[in-house]
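Visitor: Input final38.json, format and content: JSON, C-alpha atoms and all ligand atoms.
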```
[["chain", "number", "residue", "atom", "x", "y", "z"],
["A", 11, "MET", "CA", -10.65, 35.76, -11.28],
["A", 12, "ALA", "CA", -9.69, 38.68, -9.05],
["A", 13, "GLY", "CA", -10.40, 38.33, -5.33],
["A", 14, "ARG", "CA", -8.82, 34.92, -4.73],
["A", 15, "LEU", "CA", -7.00, 36.37, -1.69],
["A", 16, "ASN", "CA", -9.64, 38.68, -0.29],
["A", 17, "GLY", "CA", -9.15, 39.15, 3.46],
["A", 18, "LYS", "CA", -5.70, 37.55, 3.56],
["A", 19, "ILE", "CA", -2.67, 39.30, 5.03],
["A", 20, "VAL", "CA", 0.52, 38.32, 3.22],
["A", 21, "LEU", "CA", 4.11, 39.08, 4.25],
["A", 22, "VAL", "CA", 6.69, 39.02, 1.44],
["A", 23, "THR", "CA", 10.44, 39.29, 2.09],
["A", 24, "GLY", "CA", 12.79, 40.64, -0.56],
["A", 25, "ALA", "CA", 9.85, 42.56, -2.00],
["A", 26, "GLY", "CA", 12.02, 45.46, -3.17],
["A", 27, "ALA", "CA", 13.00, 43.83, -6.47],
["A", 28, "GLY", "CA", 12.51, 40.98, -8.91],
["A", 29, "ILE", "CA", 10.25, 38.08, -7.95],
["A", 30, "GLY", "CA", 9.27, 39.70, -4.63],
["A", 31, "THR", "CA", 7.98, 42.86, -6.33],
["A", 32, "ALA", "CA", 6.10, 40.82, -8.96],
["A", 33, "ALA", "CA", 4.60, 38.70, -6.17],
["A", 34, "ALA", "CA", 3.47, 41.81, -4.29],
["A", 35, "ARG", "CA", 1.68, 43.13, -7.37],
["A", 36, "ALA", "CA", 0.04, 39.78, -8.16],
["A", 37, "LEU", "CA", -1.05, 39.24, -4.53],
["A", 38, "ALA", "CA", -2.49, 42.77, -4.45],
["A", 39, "ALA", "CA", -4.41, 42.14, -7.67],
["A", 40, "GLU", "CA", -6.12, 39.18, -5.94],
["A", 41, "GLY", "CA", -7.19, 41.24, -2.92],
["A", 42, "ALA", "CA", -4.46, 40.52, -0.32],
["A", 43, "ALA", "CA", -3.23, 43.17, 2.11],
["A", 44, "LEU", "CA", 0.55, 43.26, 2.26],
["A", 45, "VAL", "CA", 3.53, 43.52, 4.56],
["A", 46, "LEU", "CA", 6.48, 44.12, 2.25],
["A", 47, "THR", "CA", 10.00, 43.83, 3.64],
["A", 48, "ASP", "CA", 13.51, 44.23, 2.25],
["A", 49, "LEU", "CA", 16.98, 45.47, 3.11],
["A", 50, "ASN", "CA", 16.12, 48.14, 0.55],
["A", 51, "GLU", "CA", 13.72, 50.22, 2.64],
["A", 52, "SER", "CA", 13.05, 52.91, 0.03],
["A", 53, "GLY", "CA", 12.11, 50.25, -2.54],
["A", 54, "VAL", "CA", 9.49, 48.57, -0.36],
["A", 55, "SER", "CA", 8.19, 51.86, 1.04],
["A", 56, "ALA", "CA", 7.64, 53.19, -2.48],
["A", 57, "LEU", "CA", 5.94, 49.96, -3.57],
["A", 58, "ALA", "CA", 3.70, 49.94, -0.48],
["A", 59, "ALA", "CA", 2.75, 53.58, -1.08],
["A", 60, "GLU", "CA", 1.97, 52.88, -4.74],
["A", 61, "LEU", "CA", -0.20, 49.84, -3.92],
["A", 62, "SER", "CA", -1.95, 51.67, -1.07],
["A", 63, "LYS", "CA", -3.00, 54.37, -3.55],
["A", 64, "SER", "CA", -4.75, 51.71, -5.61],
["A", 65, "ASN", "CA", -6.69, 50.35, -2.62],
["A", 66, "THR", "CA", -4.31, 47.62, -1.39],
["A", 67, "PRO", "CA", -3.55, 48.16, 2.30],
["A", 68, "ALA", "CA", 0.24, 47.76, 2.44],
["A", 69, "ILE", "CA", 3.22, 48.63, 4.63],
["A", 70, "GLY", "CA", 6.89, 48.58, 3.67],
["A", 71, "LEU", "CA", 9.52, 47.78, 6.31],
["A", 72, "ARG", "CA", 13.31, 47.62, 6.38],
["A", 73, "HIS", "CA", 14.25, 44.09, 7.29],
["A", 74, "ASP", "CA", 17.34, 41.91, 7.26],
["A", 75, "VAL", "CA", 16.08, 38.31, 7.14],
["A", 76, "THR", "CA", 19.23, 37.04, 8.87],
["A", 77, "ASP", "CA", 18.42, 38.97, 12.06],
["A", 78, "GLU", "CA", 16.02, 37.28, 14.50],
["A", 79, "THR", "CA", 15.16, 40.47, 16.39],
["A", 80, "GLY", "CA", 14.33, 42.03, 13.02],
["A", 81, "TRP", "CA", 11.84, 39.22, 12.37],
["A", 82, "GLU", "CA", 10.22, 39.81, 15.75],
["A", 83, "ALA", "CA", 9.89, 43.50, 14.95],
["A", 84, "VAL", "CA", 8.39, 42.80, 11.51],
["A", 85, "PHE", "CA", 5.74, 40.43, 12.88],
["A", 86, "LYS", "CA", 4.97, 42.90, 15.69],
["A", 87, "ALA", "CA", 4.43, 45.67, 13.13],
["A", 88, "ALA", "CA", 2.31, 43.36, 10.94],
["A", 89, "LEU", "CA", 0.07, 42.36, 13.85],
["A", 90, "ALA", "CA", -0.23, 45.97, 15.02],
["A", 91, "ARG", "CA", -1.38, 47.06, 11.55],
["A", 92, "PHE", "CA", -3.47, 44.08, 10.43],
["A", 93, "GLY", "CA", -4.14, 41.89, 13.52],
["A", 94, "LYS", "CA", -3.00, 38.66, 11.83],
["A", 95, "VAL", "CA", -0.72, 37.19, 9.15],
["A", 96, "ASP", "CA", -2.13, 34.42, 6.93],
["A", 97, "VAL", "CA", 0.74, 33.88, 4.51],
["A", 98, "VAL", "CA", 4.52, 34.34, 4.67],
["A", 99, "VAL", "CA", 6.56, 34.28, 1.47],
["A", 100, "ASN", "CA", 10.24, 33.68, 2.32],
["A", 101, "ASN", "CA", 11.61, 35.09, -0.92],
["A", 102, "ALA", "CA", 14.69, 37.20, -0.04],
["A", 103, "GLY", "CA", 17.84, 35.59, -1.37],
["A", 104, "ILE", "CA", 21.31, 36.17, -2.74],
["A", 105, "ALA", "CA", 23.47, 34.36, -5.27],
["A", 106, "PHE", "CA", 27.10, 34.31, -6.25],
["A", 107, "VAL", "CA", 29.14, 31.92, -8.31],
["A", 108, "GLY", "CA", 32.64, 30.58, -7.87],
["A", 109, "LYS", "CA", 34.69, 27.46, -7.45],
["A", 110, "THR", "CA", 34.28, 25.66, -4.13],
["A", 111, "GLU", "CA", 38.05, 25.69, -3.60],
["A", 112, "ASP", "CA", 38.03, 29.49, -3.85],
["A", 113, "THR", "CA", 34.93, 30.13, -1.70],
["A", 114, "THR", "CA", 35.77, 31.77, 1.61],
["A", 115, "LEU", "CA", 34.10, 30.56, 4.76],
["A", 116, "ALA", "CA", 32.69, 34.07, 5.19],
["A", 117, "ASP", "CA", 31.06, 33.96, 1.73],
["A", 118, "TRP", "CA", 29.71, 30.45, 2.38],
["A", 119, "ARG", "CA", 28.23, 31.57, 5.70],
["A", 120, "ARG", "CA", 26.70, 34.70, 4.17],
["A", 121, "MET", "CA", 24.94, 32.56, 1.54],
["A", 122, "GLN", "CA", 23.54, 30.18, 4.15],
["A", 123, "ALA", "CA", 22.62, 33.08, 6.45],
["A", 124, "VAL", "CA", 20.43, 34.85, 3.90],
["A", 125, "ASN", "CA", 19.06, 31.91, 1.91],
["A", 126, "LEU", "CA", 18.65, 29.30, 4.67],
["A", 127, "ASP", "CA", 18.77, 31.00, 8.12],
["A", 128, "GLY", "CA", 16.41, 33.67, 6.73],
["A", 129, "VAL", "CA", 13.89, 31.00, 5.68],
["A", 130, "PHE", "CA", 14.27, 29.21, 9.02],
["A", 131, "LEU", "CA", 13.64, 32.40, 11.02],
["A", 132, "GLY", "CA", 10.69, 33.46, 8.88],
["A", 133, "THR", "CA", 9.15, 30.01, 9.20],
["A", 134, "LYS", "CA", 9.78, 29.77, 12.95],
["A", 135, "HIS", "CA", 8.14, 33.09, 13.74],
["A", 136, "ALA", "CA", 5.31, 32.54, 11.27],
["A", 137, "ILE", "CA", 4.47, 29.22, 13.00],
["A", 138, "ARG", "CA", 4.36, 30.97, 16.37],
["A", 139, "ILE", "CA", 1.64, 33.35, 15.25],
["A", 140, "MET", "CA", -0.23, 31.05, 12.82],
["A", 141, "LYS", "CA", -0.36, 27.96, 15.08],
["A", 142, "GLY", "CA", -3.94, 26.69, 15.36],
["A", 143, "LYS", "CA", -5.30, 29.61, 13.32],
["A", 144, "GLY", "CA", -4.05, 28.32, 9.99],
["A", 145, "GLY", "CA", -1.71, 29.70, 7.40],
["A", 146, "SER", "CA", 0.48, 29.11, 4.38],
["A", 147, "ILE", "CA", 4.27, 29.43, 4.34],
["A", 148, "ILE", "CA", 5.89, 29.63, 0.91],
["A", 149, "ASN", "CA", 9.65, 29.18, 0.70],
["A", 150, "ILE", "CA", 11.41, 30.20, -2.50],
["A", 151, "SER", "CA", 14.01, 27.57, -3.32],
["A", 152, "SER", "CA", 15.28, 26.99, -6.88],
["A", 153, "ILE", "CA", 15.86, 24.39, -9.55],
["A", 154, "LEU", "CA", 19.32, 24.50, -7.99],
["A", 155, "GLY", "CA", 17.76, 23.11, -4.81],
["A", 156, "ILE", "CA", 16.90, 19.99, -6.84],
["A", 157, "ASP", "CA", 19.73, 19.71, -9.40],
["A", 158, "GLY", "CA", 23.35, 20.56, -8.83],
["A", 159, "THR", "CA", 25.39, 22.76, -11.15],
["A", 160, "GLY", "CA", 29.06, 23.72, -11.29],
["A", 161, "MET", "CA", 30.34, 26.98, -9.76],
["A", 162, "ALA", "CA", 27.31, 27.31, -7.47],
["A", 163, "ALA", "CA", 27.82, 24.80, -4.67],
["A", 164, "ALA", "CA", 27.13, 27.26, -1.85],
["A", 165, "TYR", "CA", 23.91, 28.40, -3.55],
["A", 166, "CYS", "CA", 22.84, 24.80, -4.27],
["A", 167, "ALA", "CA", 23.51, 23.84, -0.64],
["A", 168, "SER", "CA", 21.36, 26.70, 0.63],
["A", 169, "LYS", "CA", 18.49, 25.99, -1.78],
["A", 170, "GLY", "CA", 18.63, 22.22, -1.24],
["A", 171, "GLY", "CA", 18.40, 23.02, 2.47],
["A", 172, "VAL", "CA", 15.28, 25.11, 1.88],
["A", 173, "ARG", "CA", 13.68, 22.22, -0.04],
["A", 174, "LEU", "CA", 14.05, 19.61, 2.73],
["A", 175, "PHE", "CA", 13.52, 22.08, 5.57],
["A", 176, "THR", "CA", 10.17, 22.88, 3.97],
["A", 177, "LYS", "CA", 9.13, 19.22, 3.83],
["A", 178, "ALA", "CA", 10.19, 18.55, 7.43],
["A", 179, "VAL", "CA", 8.26, 21.56, 8.74],
["A", 180, "ALA", "CA", 5.22, 20.59, 6.65],
["A", 181, "ILE", "CA", 5.13, 17.24, 8.45],
["A", 182, "GLU", "CA", 5.38, 19.02, 11.81],
["A", 183, "CYS", "CA", 2.67, 21.58, 11.10],
["A", 184, "GLY", "CA", 0.05, 19.77, 9.03],
["A", 185, "ASP", "CA", -2.39, 18.63, 11.69],
["A", 186, "ALA", "CA", -5.35, 20.56, 13.07],
["A", 187, "GLY", "CA", -3.30, 21.74, 16.06],
["A", 188, "TYR", "CA", -1.25, 23.82, 13.63],
["A", 189, "ASN", "CA", -3.22, 23.90, 10.36],
["A", 190, "ILE", "CA", -0.24, 25.43, 8.55],
["A", 191, "ARG", "CA", 0.71, 24.44, 4.99],
["A", 192, "VAL", "CA", 4.39, 24.75, 4.04],
["A", 193, "ASN", "CA", 5.53, 24.45, 0.42],
["A", 194, "SER", "CA", 8.55, 25.39, -1.66],
["A", 195, "ILE", "CA", 8.74, 26.93, -5.12],
["A", 196, "HIS", "CA", 11.55, 26.04, -7.52],
["A", 197, "PRO", "CA", 12.00, 28.65, -10.24],
["A", 198, "GLY", "CA", 14.10, 28.04, -13.31],
["A", 199, "TYR", "CA", 16.30, 30.97, -14.39],
["A", 200, "ILE", "CA", 14.25, 34.14, -14.08],
["A", 201, "GLN", "CA", 15.04, 37.50, -15.65],
["A", 202, "THR", "CA", 15.75, 39.64, -12.59],
["A", 203, "ARG", "CA", 18.79, 41.48, -11.26],
["A", 204, "MET", "CA", 20.02, 38.15, -9.85],
["A", 205, "PHE", "CA", 20.26, 36.83, -13.42],
["A", 206, "GLU", "CA", 22.99, 39.42, -14.06],
["A", 207, "THR", "CA", 25.29, 38.24, -11.23],
["A", 208, "ASP", "CA", 27.74, 36.23, -13.35],
["A", 209, "ILE", "CA", 27.53, 37.66, -16.85],
["A", 210, "GLU", "CA", 31.35, 38.01, -17.02],
["A", 211, "ALA", "CA", 31.58, 34.22, -17.22],
["A", 212, "PHE", "CA", 29.47, 34.33, -20.41],
["A", 213, "GLY", "CA", 31.02, 37.42, -22.00],
["A", 214, "SER", "CA", 27.78, 39.41, -22.21],
["A", 215, "LEU", "CA", 24.19, 39.45, -21.02],
["A", 216, "GLU", "CA", 23.05, 38.42, -24.50],
["A", 217, "ALA", "CA", 25.44, 35.44, -24.53],
["A", 218, "LYS", "CA", 24.22, 34.35, -21.09],
["A", 219, "MET", "CA", 20.60, 34.72, -22.17],
["A", 220, "GLN", "CA", 21.19, 32.53, -25.22],
["A", 221, "LYS", "CA", 23.10, 29.84, -23.34],
["A", 222, "VAL", "CA", 20.80, 29.72, -20.33],
["A", 223, "SER", "CA", 17.62, 29.84, -22.43],
["A", 224, "ALA", "CA", 18.78, 26.65, -24.15],
["A", 225, "LEU", "CA", 18.80, 24.84, -20.78],
["A", 226, "HIS", "CA", 15.02, 25.26, -20.61],
["A", 227, "PRO", "CA", 13.02, 23.08, -23.04],
["A", 228, "ILE", "CA", 10.58, 25.98, -23.42],
["A", 229, "GLY", "CA", 13.53, 27.83, -25.01],
["A", 230, "ARG", "CA", 13.64, 30.94, -22.85],
["A", 231, "VAL", "CA", 14.19, 32.04, -19.27],
["A", 232, "GLY", "CA", 11.20, 32.87, -17.07],
["A", 233, "GLN", "CA", 9.69, 36.19, -16.03],
["A", 234, "PRO", "CA", 9.07, 37.16, -12.38],
["A", 235, "GLU", "CA", 5.30, 37.23, -13.00],
["A", 236, "GLU", "CA", 5.40, 33.50, -13.85],
["A", 237, "ILE", "CA", 6.74, 32.75, -10.35],
["A", 238, "ALA", "CA", 4.32, 35.24, -8.80],
["A", 239, "ALA", "CA", 1.44, 33.19, -10.26],
["A", 240, "GLY", "CA", 2.65, 30.15, -8.31],
["A", 241, "ILE", "CA", 2.98, 32.23, -5.15],
["A", 242, "VAL", "CA", -0.63, 33.42, -5.51],
["A", 243, "PHE", "CA", -1.79, 29.81, -5.97],
["A", 244, "LEU", "CA", 0.04, 28.55, -2.85],
["A", 245, "ALA", "CA", -1.21, 31.56, -0.86],
["A", 246, "SER", "CA", -4.81, 30.87, -1.86],
["A", 247, "ASP", "CA", -7.19, 28.20, -0.61],
["A", 248, "GLU", "CA", -7.04, 26.63, -4.10],
["A", 249, "SER", "CA", -3.92, 24.81, -2.83],
["A", 250, "SER", "CA", -5.65, 23.66, 0.39],
["A", 251, "PHE", "CA", -4.54, 20.00, -0.02],
["A", 252, "MET", "CA", -0.91, 20.88, -0.75],
["A", 253, "THR", "CA", 1.78, 20.79, 1.91],
["A", 254, "GLY", "CA", 5.39, 19.66, 1.76],
["A", 255, "SER", "CA", 5.19, 20.00, -2.02],
["A", 256, "GLU", "CA", 7.77, 21.42, -4.36],
["A", 257, "LEU", "CA", 6.13, 23.56, -7.01],
["A", 258, "VAL", "CA", 8.54, 23.55, -9.94],
["A", 259, "ILE", "CA", 8.13, 26.47, -12.36],
["A", 260, "ASP", "CA", 11.08, 26.06, -14.64],
["A", 261, "GLY", "CA", 10.24, 25.85, -18.34],
["A", 262, "GLY", "CA", 11.15, 22.17, -18.19],
["A", 263, "TYR", "CA", 14.72, 22.62, -16.86],
["A", 264, "THR", "CA", 14.45, 19.74, -14.36],
["A", 265, "ALA", "CA", 12.57, 17.47, -16.80],
["A", 266, "ARG", "CA", 15.81, 16.36, -18.42],
["B", 1, "LIG", "P1", 16.71, 39.96, -6.77],
["B", 1, "LIG", "O1", 18.16, 40.09, -6.49],
["B", 1, "LIG", "O2", 16.12, 40.63, -7.96],
["B", 1, "LIG", "O3", 15.87, 40.40, -5.47],
["B", 1, "LIG", "C1", 16.19, 39.91, -4.19],
["B", 1, "LIG", "C2", 15.72, 40.89, -3.13],
["B", 1, "LIG", "O4", 16.08, 40.34, -1.85],
["B", 1, "LIG", "C3", 16.36, 42.27, -3.24],
["B", 1, "LIG", "O5", 15.38, 43.29, -3.17],
["B", 1, "LIG", "C4", 17.31, 42.33, -2.04],
["B", 1, "LIG", "O6", 17.46, 43.64, -1.48],
["B", 1, "LIG", "C5", 16.60, 41.40, -1.06],
["B", 1, "LIG", "N1", 17.52, 40.88, -0.03],
["B", 1, "LIG", "C6", 18.76, 40.37, -0.22],
["B", 1, "LIG", "N2", 19.30, 40.04, 0.97],
["B", 1, "LIG", "C7", 18.37, 40.33, 1.92],
["B", 1, "LIG", "C8", 18.34, 40.23, 3.33],
["B", 1, "LIG", "N3", 19.41, 39.77, 4.03],
["B", 1, "LIG", "N4", 17.23, 40.61, 3.99],
["B", 1, "LIG", "C9", 16.17, 41.10, 3.31],
["B", 1, "LIG", "N5", 16.14, 41.26, 1.98],
["B", 1, "LIG", "C10", 17.23, 40.88, 1.29],
["B", 1, "LIG", "O7", 16.45, 38.38, -6.82],
["B", 1, "LIG", "P2", 15.22, 37.52, -7.41],
["B", 1, "LIG", "O8", 15.67, 36.93, -8.67],
["B", 1, "LIG", "O9", 13.96, 38.30, -7.34],
["B", 1, "LIG", "O10", 15.22, 36.35, -6.32],
["B", 1, "LIG", "C11", 14.16, 36.14, -5.38],
["B", 1, "LIG", "C12", 14.27, 34.72, -4.85],
["B", 1, "LIG", "O11", 14.13, 33.79, -5.94],
["B", 1, "LIG", "C13", 15.63, 34.39, -4.21],
["B", 1, "LIG", "O12", 15.45, 33.57, -3.09],
["B", 1, "LIG", "C14", 16.35, 33.62, -5.31],
["B", 1, "LIG", "O13", 17.35, 32.77, -4.81],
["B", 1, "LIG", "C15", 15.20, 32.87, -5.93],
["B", 1, "LIG", "N6", 15.46, 32.40, -7.30],
["B", 1, "LIG", "C16", 15.79, 33.28, -8.27],
["B", 1, "LIG", "C17", 16.05, 32.79, -9.57],
["B", 1, "LIG", "C18", 16.47, 33.69, -10.69],
["B", 1, "LIG", "O14", 16.94, 33.16, -11.71],
["B", 1, "LIG", "N7", 16.31, 35.00, -10.59],
["B", 1, "LIG", "C19", 15.95, 31.42, -9.82],
["B", 1, "LIG", "C20", 15.58, 30.54, -8.80],
["B", 1, "LIG", "C21", 15.34, 31.06, -7.52]]
```
Write the structure described by the file as structure tokens, please.
Ligand code: NAD
Guide:
Amino acid sequence: MAGRLNGKIVLVTGAGAGIGTAAARALAAEGAALVLTDLNESGVSALAAELSKSNTPAIGLRHDVTDETGWEAVFKAALARFGKVDVVVNNAGIAFVGKTEDTTLADWRRMQAVNLDGVFLGTKHAIRIMKGKGGSIINISSILGIDGTGMAAAYCASKGGVRLFTKAVAIECGDAGYNIRVNSIHPGYIQTRMFETDIEAFGSLEAKMQKVSALHPIGRVGQPEEIAAGIVFLASDESSFMTGSELVIDGGYTAR
């Protein structure tokens, strides 16, 4: 089924690792050209160079999603190279755990800055260039934007914010004057570097894997490629009647 994204230009944030890298590879396999951004410039530059060698036009840019002037520069570079952007995947994110009573205001603000302000800024500037031409904005939330969990209130707040922000913007941008679809994706626990953030609380990576796997009726955590498949679907015209939706890809975690 290759070629589902032929002719589309897709911008992915946080493409230097984990879900973002898997998304870049899956989008490339379906024919998209890519703008890959991350704080980790060498990671996205190397990925863009590798994909370019196998016939995917791609650029890698250093980008802090919390910085509005950085967003302007990224879209300027994307338009200079490709002339348009059809899809923006707001994927960059951070996580930390801790009791609410011990969370500093600085840590709280950092979480909201990356996970929520970053999605706001990416969406705002995507709308400005997609308005009337059409486009798809894909915001990576989490199961923890639907369900709460202990020791992760700041993360849950940021991801719950992404969920409802997405729906509100979808209502604003659905008509022909905009023609922009806006959806969120809600991964269950996925085996990336982020998964390793709080292994001390479990004793070991193996212990965390066992305990967290049991939270998913499928009996395991997910792989980045399983989220990338949802990103490809929402980027493609196969999802043309979807906006304001929450695409849950979680091995059944939220079914309980
Ligand atoms: P990851 O840590 O493997 O990768 C995140 C990437 O984002 C890194 O390359 C990092 O450099 C980049 N990044 C961080 N801060 C940034 C900033 N300010 N500006 C630009 N780039 C920045 O994480 P992942 O697991 O691939 O997570 C990707 C997204 O999926 C995140 O939004 C995360 O919250 C979400 N998510 C992850 C899981 C999981 O279990 N891994 C579950 C649900 C949702």
Visitor: List every protein, DNA or RNA residue that has at least one atom no more than 12 Å from (23.2, 41.4, -12.4) in the file's coordinates, counting all atoms listed in the file, and write the result as a list in words.
Guide: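 Residues lying no farther than 12 Å from the given point: Gly28, Ile104, Ala105, Phe106, Val107, Ile200, Gln201, Thr202, Arg203, Met204, Phe205, Glu206, Thr207, Asp208, Ile209, Glu210, Ser214, Leu215 and Lys218 of chain A.
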Visitor: Please identify the residues whose atoms come within 7 Å of ligand LIG 1 (chain B), using only C-alpha atoms and all ligand atoms, and report them as a ChimeraX atom specification.
Guide: /A:23-30,47-50,73-76,101-105,124-125,150-153,196-205
Visitor: Please provide the set of residues having any atom within 9 Å of stretch 131-135 of chain A, restricted to only C-alpha atoms, with same-chain residues fewer than 5 positions apart removed, written as an MDAnalysis selection string.
Guide: chainID A and resid 23 75:78 81:82 85 98:100 126 140 147:149 176 179 192
Visitor: Quick one: residues within 6 Å of A:Val97, all atoms listed in the file counted, chain neighbours fewer than 2 positions away excluded, as a PDB file with C-alpha atoms, in the frame of the given file?
Guide:
```
ATOM      1  CA  VAL A  20       0.520  38.320   3.220  1.00  0.00           C
ATOM      2  CA  VAL A  95      -0.720  37.190   9.150  1.00  0.00           C
ATOM      3  CA  GLY A 145      -1.710  29.700   7.400  1.00  0.00           C
ATOM      4  CA  SER A 146       0.480  29.110   4.380  1.00  0.00           C
ATOM      5  CA  ILE A 147       4.270  29.430   4.340  1.00  0.00           C
TER       6      ILE A 147
END
```
Visitor: Excluding A:Ala34 and its own-chain neighbours fewer than 6 positions away, which residues fall within 12 Å of it when counting all atoms listed in the file? Please give them as a PyMOL selection string.
Guide: chain A and resi 19-28+40-47+54+57-58+60-62+66-70+98-99+101+234-235+237-239+241-242+245
Visitor: Take the residues that were just selected and, keeping C-alpha atoms, output them as a PDB file, in the coordinates of the input.
Guide:
```
ATOM      1  CA  ILE A  19      -2.670  39.300   5.030  1.00  0.00           C
ATOM      2  CA  VAL A  20       0.520  38.320   3.220  1.00  0.00           C
ATOM      3  CA  LEU A  21       4.110  39.080   4.250  1.00  0.00           C
ATOM      4  CA  VAL A  22       6.690  39.020   1.440  1.00  0.00           C
ATOM      5  CA  THR A  23      10.440  39.290   2.090  1.00  0.00           C
ATOM      6  CA  GLY A  24      12.790  40.640  -0.560  1.00  0.00           C
ATOM      7  CA  ALA A  25       9.850  42.560  -2.000  1.00  0.00           C
ATOM      8  CA  GLY A  26      12.020  45.460  -3.170  1.00  0.00           C
ATOM      9  CA  ALA A  27      13.000  43.830  -6.470  1.00  0.00           C
ATOM     10  CA  GLY A  28      12.510  40.980  -8.910  1.00  0.00           C
ATOM     11  CA  GLU A  40      -6.120  39.180  -5.940  1.00  0.00           C
ATOM     12  CA  GLY A  41      -7.190  41.240  -2.920  1.00  0.00           C
ATOM     13  CA  ALA A  42      -4.460  40.520  -0.320  1.00  0.00           C
ATOM     14  CA  ALA A  43      -3.230  43.170   2.110  1.00  0.00           C
ATOM     15  CA  LEU A  44       0.550  43.260   2.260  1.00  0.00           C
ATOM     16  CA  VAL A  45       3.530  43.520   4.560  1.00  0.00           C
ATOM     17  CA  LEU A  46       6.480  44.120   2.250  1.00  0.00           C
ATOM     18  CA  THR A  47      10.000  43.830   3.640  1.00  0.00           C
ATOM     19  CA  VAL A  54       9.490  48.570  -0.360  1.00  0.00           C
ATOM     20  CA  LEU A  57       5.940  49.960  -3.570  1.00  0.00           C
ATOM     21  CA  ALA A  58       3.700  49.940  -0.480  1.00  0.00           C
ATOM     22  CA  GLU A  60       1.970  52.880  -4.740  1.00  0.00           C
ATOM     23  CA  LEU A  61      -0.200  49.840  -3.920  1.00  0.00           C
ATOM     24  CA  SER A  62      -1.950  51.670  -1.070  1.00  0.00           C
ATOM     25  CA  THR A  66      -4.310  47.620  -1.390  1.00  0.00           C
ATOM     26  CA  PRO A  67      -3.550  48.160   2.300  1.00  0.00           C
ATOM     27  CA  ALA A  68       0.240  47.760   2.440  1.00  0.00           C
ATOM     28  CA  ILE A  69       3.220  48.630   4.630  1.00  0.00           C
ATOM     29  CA  GLY A  70       6.890  48.580   3.670  1.00  0.00           C
ATOM     30  CA  VAL A  98       4.520  34.340   4.670  1.00  0.00           C
ATOM     31  CA  VAL A  99       6.560  34.280   1.470  1.00  0.00           C
ATOM     32  CA  ASN A 101      11.610  35.090  -0.920  1.00  0.00           C
ATOM     33  CA  PRO A 234       9.070  37.160 -12.380  1.00  0.00           C
ATOM     34  CA  GLU A 235       5.300  37.230 -13.000  1.00  0.00           C
ATOM     35  CA  ILE A 237       6.740  32.750 -10.350  1.00  0.00           C
ATOM     36  CA  ALA A 238       4.320  35.240  -8.800  1.00  0.00           C
ATOM     37  CA  ALA A 239       1.440  33.190 -10.260  1.00  0.00           C
ATOM     38  CA  ILE A 241       2.980  32.230  -5.150  1.00  0.00           C
ATOM     39  CA  VAL A 242      -0.630  33.420  -5.510  1.00  0.00           C
ATOM     40  CA  ALA A 245      -1.210  31.560  -0.860  1.00  0.00           C
TER      41      ALA A 245
END
```
Visitor: For A:Ser168, which of A:Arg14, A:Arg138, A:Arg119, A:Arg266 is the closest residue, counting only C-alpha atoms?
Guide: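 Under the stated criterion, the closest residue is A:Arg119.
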Visitor: Give the answer as one residue: which of A:Phe243, A:Tyr188, A:Trp118, A:Tyr263 has the shortest atom-to-atom distance to A:His226, using all atoms listed in the file?
Guide: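 Checking each of A:Phe243, A:Tyr188, A:Trp118, A:Tyr263 against A:His226, counting all atoms listed in the file, the winner is A:Tyr263.
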Visitor: Kindly give the distance, in Å, that separates atom CA of A:Gly13 and atom CA of A:Gly144, rounded to a single decimal.
Guide: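 Between atom CA of A:Gly13 and atom CA of A:Gly144 the gap works out to 19.4 Å.
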Visitor: Starting from the point (-0.7, 35.6, 16.4), work out which residues of protein, DNA or RNA have an atom no more than 10 Å away when counting all atoms listed in the file; state them as a VMD selection string.
Guide: chain A and resid 85 to 86 88 to 89 93 to 96 135 to 143
Visitor: Between atom CA of A:Gly53 and atom CA of A:Gly128, what is the distance in Å, rounded to a tenth?
Guide: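 Those two atoms sit 19.5 Å apart.
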Visitor: Could you state the separation of atom CA of A:Gly184 and atom CA of A:Leu15 in Å, given to one decimal place?
Guide: 21.0 Å
